[in-house]
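This is target39.cif. It holds mmCIF, C-alpha atoms.
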data_coords
loop_
_atom_site.label_atom_id
_atom_site.label_comp_id
_atom_site.auth_asym_id
_atom_site.auth_seq_id
_atom_site.Cartn_x
_atom_site.Cartn_y
_atom_site.Cartn_z
CA LEU A 1 82.09 -43.65 -6.26
CA THR A 2 78.55 -44.35 -7.26
CA ASN A 3 77.89 -47.49 -9.26
CA ASN A 4 77.06 -45.33 -12.29
CA THR A 5 80.48 -43.66 -12.05
CA ALA A 6 82.23 -47.03 -11.58
CA LEU A 7 80.41 -48.39 -14.63
CA ARG A 8 81.46 -45.39 -16.73
CA LEU A 9 85.06 -45.96 -15.62
CA ALA A 10 84.69 -49.66 -16.53
CA GLN A 11 84.43 -48.56 -20.16
CA ILE A 12 88.05 -47.32 -20.08
CA ASP A 13 90.40 -50.00 -21.40
CA ASN A 14 93.02 -49.86 -18.66
CA ILE A 15 90.52 -49.90 -15.78
CA ILE A 16 89.89 -53.57 -15.20
CA GLY A 17 88.13 -53.73 -11.85
CA ILE A 18 87.14 -52.19 -8.56
CA LYS A 19 87.45 -52.92 -4.86
CA ASP A 20 83.99 -52.55 -3.31
CA ALA A 21 84.52 -51.93 0.39
CA THR A 22 81.06 -50.53 1.03
CA GLY A 23 79.66 -53.67 2.69
CA ASP A 24 76.40 -52.84 0.88
CA LEU A 25 75.35 -56.09 -0.77
CA ALA A 26 72.50 -54.52 -2.73
CA ARG A 27 74.98 -52.08 -4.23
CA GLY A 28 77.47 -54.86 -4.94
CA CYS A 29 74.80 -56.99 -6.59
CA ASP A 30 73.74 -54.05 -8.77
CA LEU A 31 77.35 -53.43 -9.77
CA LEU A 32 77.89 -57.11 -10.63
CA ALA A 33 74.67 -57.24 -12.64
CA ARG A 34 75.50 -54.17 -14.73
CA ALA A 35 79.29 -54.42 -15.07
CA PRO A 36 80.88 -55.62 -18.30
CA LYS A 37 81.92 -59.29 -18.14
CA ASN A 38 85.62 -58.36 -18.25
CA PHE A 39 85.33 -55.91 -15.32
CA ALA A 40 86.35 -57.52 -12.01
CA VAL A 41 84.58 -56.65 -8.75
CA TYR A 42 86.56 -57.54 -5.62
CA SER A 43 85.26 -57.38 -2.09
CA GLY A 44 87.02 -54.96 0.21
CA ASP A 45 84.81 -55.81 3.18
CA ASP A 46 85.68 -59.13 4.82
CA ALA A 47 82.33 -59.60 6.56
CA THR A 48 80.41 -59.46 3.26
CA ALA A 49 83.02 -61.03 0.96
CA TYR A 50 81.18 -64.35 1.26
CA ALA A 51 78.03 -63.04 -0.37
CA LEU A 52 79.75 -60.80 -2.90
CA MET A 53 81.92 -63.64 -4.22
CA LEU A 54 78.99 -66.04 -4.37
CA MET A 55 77.15 -63.42 -6.45
CA GLY A 56 80.03 -63.23 -8.91
CA GLY A 57 82.77 -61.16 -7.28
CA LYS A 58 86.27 -62.21 -8.32
CA GLY A 59 87.87 -62.31 -4.87
CA SER A 60 88.67 -60.32 -1.77
CA ILE A 61 91.17 -57.61 -0.90
CA SER A 62 91.18 -58.65 2.71
CA VAL A 63 92.29 -57.20 6.04
CA THR A 64 91.69 -60.53 7.80
CA ALA A 65 94.19 -62.14 5.41
CA ASN A 66 96.96 -60.28 7.25
CA VAL A 67 96.20 -62.47 10.26
CA VAL A 68 95.05 -65.76 8.69
CA PRO A 69 96.29 -65.75 5.09
CA HIS A 70 95.92 -69.49 4.57
CA LYS A 71 92.31 -69.56 5.81
CA MET A 72 91.38 -66.53 3.70
CA HIS A 73 92.97 -68.20 0.68
CA GLN A 74 90.94 -71.37 1.36
CA PHE A 75 87.82 -69.24 1.85
CA CYS A 76 88.26 -67.39 -1.45
CA GLN A 77 89.08 -70.57 -3.36
CA ALA A 78 86.00 -72.29 -1.96
CA ALA A 79 83.75 -69.33 -2.78
CA LEU A 80 85.14 -68.94 -6.29
CA THR A 81 84.71 -72.65 -7.07
CA GLY A 82 81.19 -72.81 -5.61
CA ASP A 83 82.13 -75.03 -2.66
CA LEU A 84 79.33 -73.72 -0.47
CA PRO A 85 79.88 -76.05 2.54
CA THR A 86 83.56 -75.07 2.86
CA THR A 87 82.86 -71.39 2.22
CA THR A 88 80.12 -71.38 4.85
CA ARG A 89 82.24 -73.25 7.42
CA LEU A 90 85.13 -70.82 6.99
CA GLN A 91 82.81 -67.79 7.05
CA MET A 92 81.41 -68.96 10.39
CA GLU A 93 84.94 -69.50 11.78
CA LEU A 94 86.11 -66.08 10.63
CA ILE A 95 83.07 -63.80 11.03
CA ALA A 96 83.88 -62.77 14.61
CA LEU A 97 87.45 -61.97 13.56
CA HIS A 98 86.22 -59.96 10.54
CA ARG A 99 84.17 -57.84 12.93
CA ALA A 100 86.68 -57.63 15.79
CA ILE A 101 89.46 -56.39 13.52
CA PHE A 102 87.42 -53.24 12.94
CA THR A 103 86.54 -52.44 16.55
CA GLU A 104 89.20 -49.73 16.33
CA SER A 105 90.72 -47.87 13.41
CA ASN A 106 92.38 -50.12 10.88
CA PRO A 107 95.19 -51.25 11.11
CA ILE A 108 95.55 -50.89 14.89
CA PRO A 109 93.85 -54.22 15.78
CA VAL A 110 95.67 -56.10 13.02
CA LYS A 111 99.04 -54.75 14.12
CA TRP A 112 98.26 -55.68 17.73
CA ILE A 113 97.33 -59.22 16.67
CA LEU A 114 100.47 -59.60 14.58
CA ALA A 115 102.58 -58.39 17.50
CA GLU A 116 100.83 -60.85 19.83
CA MET A 117 101.56 -63.61 17.27
CA GLY A 118 105.24 -62.62 17.37
CA LYS A 119 105.26 -61.46 13.75
CA MET A 120 106.08 -57.80 14.49
CA THR A 121 106.80 -55.45 17.37
CA HIS A 122 104.23 -53.42 19.28
CA THR A 123 105.87 -50.23 18.02
CA LEU A 124 103.48 -47.99 16.09
CA ARG A 125 104.12 -44.73 14.32
CA LEU A 126 101.82 -41.76 14.65
CA PRO A 127 99.03 -41.18 13.89
CA LEU A 128 98.37 -44.77 15.03
CA THR A 129 97.93 -45.35 18.73
CA GLN A 130 98.08 -48.48 20.85
CA LEU A 131 95.04 -50.74 21.02
CA PHE A 132 92.70 -49.87 23.88
CA PRO A 133 93.05 -52.53 26.60
CA SER A 134 89.27 -53.04 26.53
CA ALA A 135 89.57 -54.33 22.94
CA GLU A 136 92.04 -57.10 23.80
CA ALA A 137 89.57 -59.65 25.24
CA PRO A 138 87.13 -59.45 22.29
CA LEU A 139 90.03 -59.79 19.85
CA LYS A 140 91.40 -62.80 21.73
CA ALA A 141 87.94 -64.43 21.71
CA ALA A 142 87.56 -63.83 17.96
CA LEU A 143 91.04 -65.21 17.35
CA ALA A 144 90.21 -68.34 19.35
CA GLN A 145 87.01 -68.84 17.31
CA ALA A 146 89.11 -68.55 14.13
CA GLY A 147 91.58 -71.12 15.48
CA VAL A 148 94.45 -68.66 15.90
CA THR A 149 96.96 -69.33 18.66
CA LEU A 150 98.86 -66.38 20.09
CA SER A 151 102.51 -66.79 21.09
#
Would you mind writing the file's structure down as structure tokens?
Amino acid sequence: LTNNTALRLAQIDNIIGIKDATGDLARGCDLLARAPKNFAVYSGDDATAYALMLMGGKGSISVTANVVPHKMHQFCQAALTGDLPTTTRLQMELIALHRAIFTESNPIPVKWILAEMGKMTHTLRLPLTQLFPSAEAPLKAALAQAGVTLS
């Protein structure tokens, strides 16, 4: 959707917000500036959620939260309350993981991580395929940076 279309939809009573997964901060800033006050804009791009929330976004619909829910909760709470030092620290801990999770089609890396953490099996249904072995080392490095221990 273009921002103009989203803003037209924002005028409909039962449409209360939007997930902006574009990763385009200029677009997100424009949307936040022009949206009605009661229209919520949520980040759908973990790598840029930091900036979008600090500009007025209401939160994050996060992929990374599948792996580190507590840290993403802390991150969102810090951003929404204006705790810039905590938000920045957590962003720096999580940025490599935000990126690494999307090195292959979502949700393949997340499912691999969750299986490695012992939270699910490695069984995937088509059309998903197994994670490429070459992606394992970068994911493990990003997990280590985020403080995640694999089982």
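Across the chains present, the PyMOL selection byres ((chain A and resi 61) around 6) applied to this file returns Gly44, Ser60 and Ser62 of chain A.
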Output file for the selection above: C-alpha atoms, as a short mmCIF file (atom, residue, chain, number, x, y, z; two decimals), keeping the file's coordinate frame:
data_model
loop_
_atom_site.label_atom_id
_atom_site.label_comp_id
_atom_site.auth_asym_id
_atom_site.auth_seq_id
_atom_site.Cartn_x
_atom_site.Cartn_y
_atom_site.Cartn_z
CA GLY A 44 87.02 -54.96 0.21
CA SER A 60 88.67 -60.32 -1.77
CA SER A 62 91.18 -58.65 2.71
#
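Distances here use all atoms listed in the file; by that measure, the residue among A:Leu131, A:Ile16, A:Thr22, A:Asp83 closest to Thr2 in chain A is A:Thr22.
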Give me the residues near range 69-76 of chain A as a PDB file with C-alpha atoms, in the frame of the given file, where near means some atom within 9 Å (using only C-alpha atoms) and where sequence neighbours in that chain fewer than 5 positions away do not count.
ATOM      1  CA  ALA A  49      83.020 -61.030   0.960  1.00  0.00           C
ATOM      2  CA  TYR A  50      81.180 -64.350   1.260  1.00  0.00           C
ATOM      3  CA  MET A  53      81.920 -63.640  -4.220  1.00  0.00           C
ATOM      4  CA  LYS A  58      86.270 -62.210  -8.320  1.00  0.00           C
ATOM      5  CA  GLY A  59      87.870 -62.310  -4.870  1.00  0.00           C
ATOM      6  CA  SER A  60      88.670 -60.320  -1.770  1.00  0.00           C
ATOM      7  CA  SER A  62      91.180 -58.650   2.710  1.00  0.00           C
ATOM      8  CA  THR A  64      91.690 -60.530   7.800  1.00  0.00           C
ATOM      9  CA  THR A  81      84.710 -72.650  -7.070  1.00  0.00           C
ATOM     10  CA  THR A  86      83.560 -75.070   2.860  1.00  0.00           C
ATOM     11  CA  THR A  87      82.860 -71.390   2.220  1.00  0.00           C
ATOM     12  CA  THR A  88      80.120 -71.380   4.850  1.00  0.00           C
ATOM     13  CA  ARG A  89      82.240 -73.250   7.420  1.00  0.00           C
ATOM     14  CA  LEU A  90      85.130 -70.820   6.990  1.00  0.00           C
ATOM     15  CA  GLN A  91      82.810 -67.790   7.050  1.00  0.00           C
ATOM     16  CA  LEU A  94      86.110 -66.080  10.630  1.00  0.00           C
ATOM     17  CA  ALA A 146      89.110 -68.550  14.130  1.00  0.00           C
TER      18      ALA A 146
END
| said: Show me, as a ChimeraX atom specification, the residues that have an atom within 8 Å of range 23-37 of chain A when counting all atoms listed in the file, minus same-chain residues fewer than 6 positions from it. | reply: /A:3,7,10,44-45,47-48,51-52,55-57
| task | Determine the nearest neighbour of Ala115 in chain A from the options A:Ala100, A:Gln145, A:Ser151, A:Gly82, counting all atoms listed in the file. | result |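 Looking only at the distances to Ala115 in chain A, the closest residue turns out to be A:Ser151.
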| message | My list of candidates is A:Val63, A:Lys119, A:Trp112, A:Ile12. Which is closest to Glu136 in chain A when distances are computed with only C-alpha atoms? | response | A:Trp112
| said: Please compute the CA of Leu114 in chain A-CA of Val67 in chain A distance, one decimal, in Å. | reply: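 Computing it gives 6.7 Å between the two atoms.
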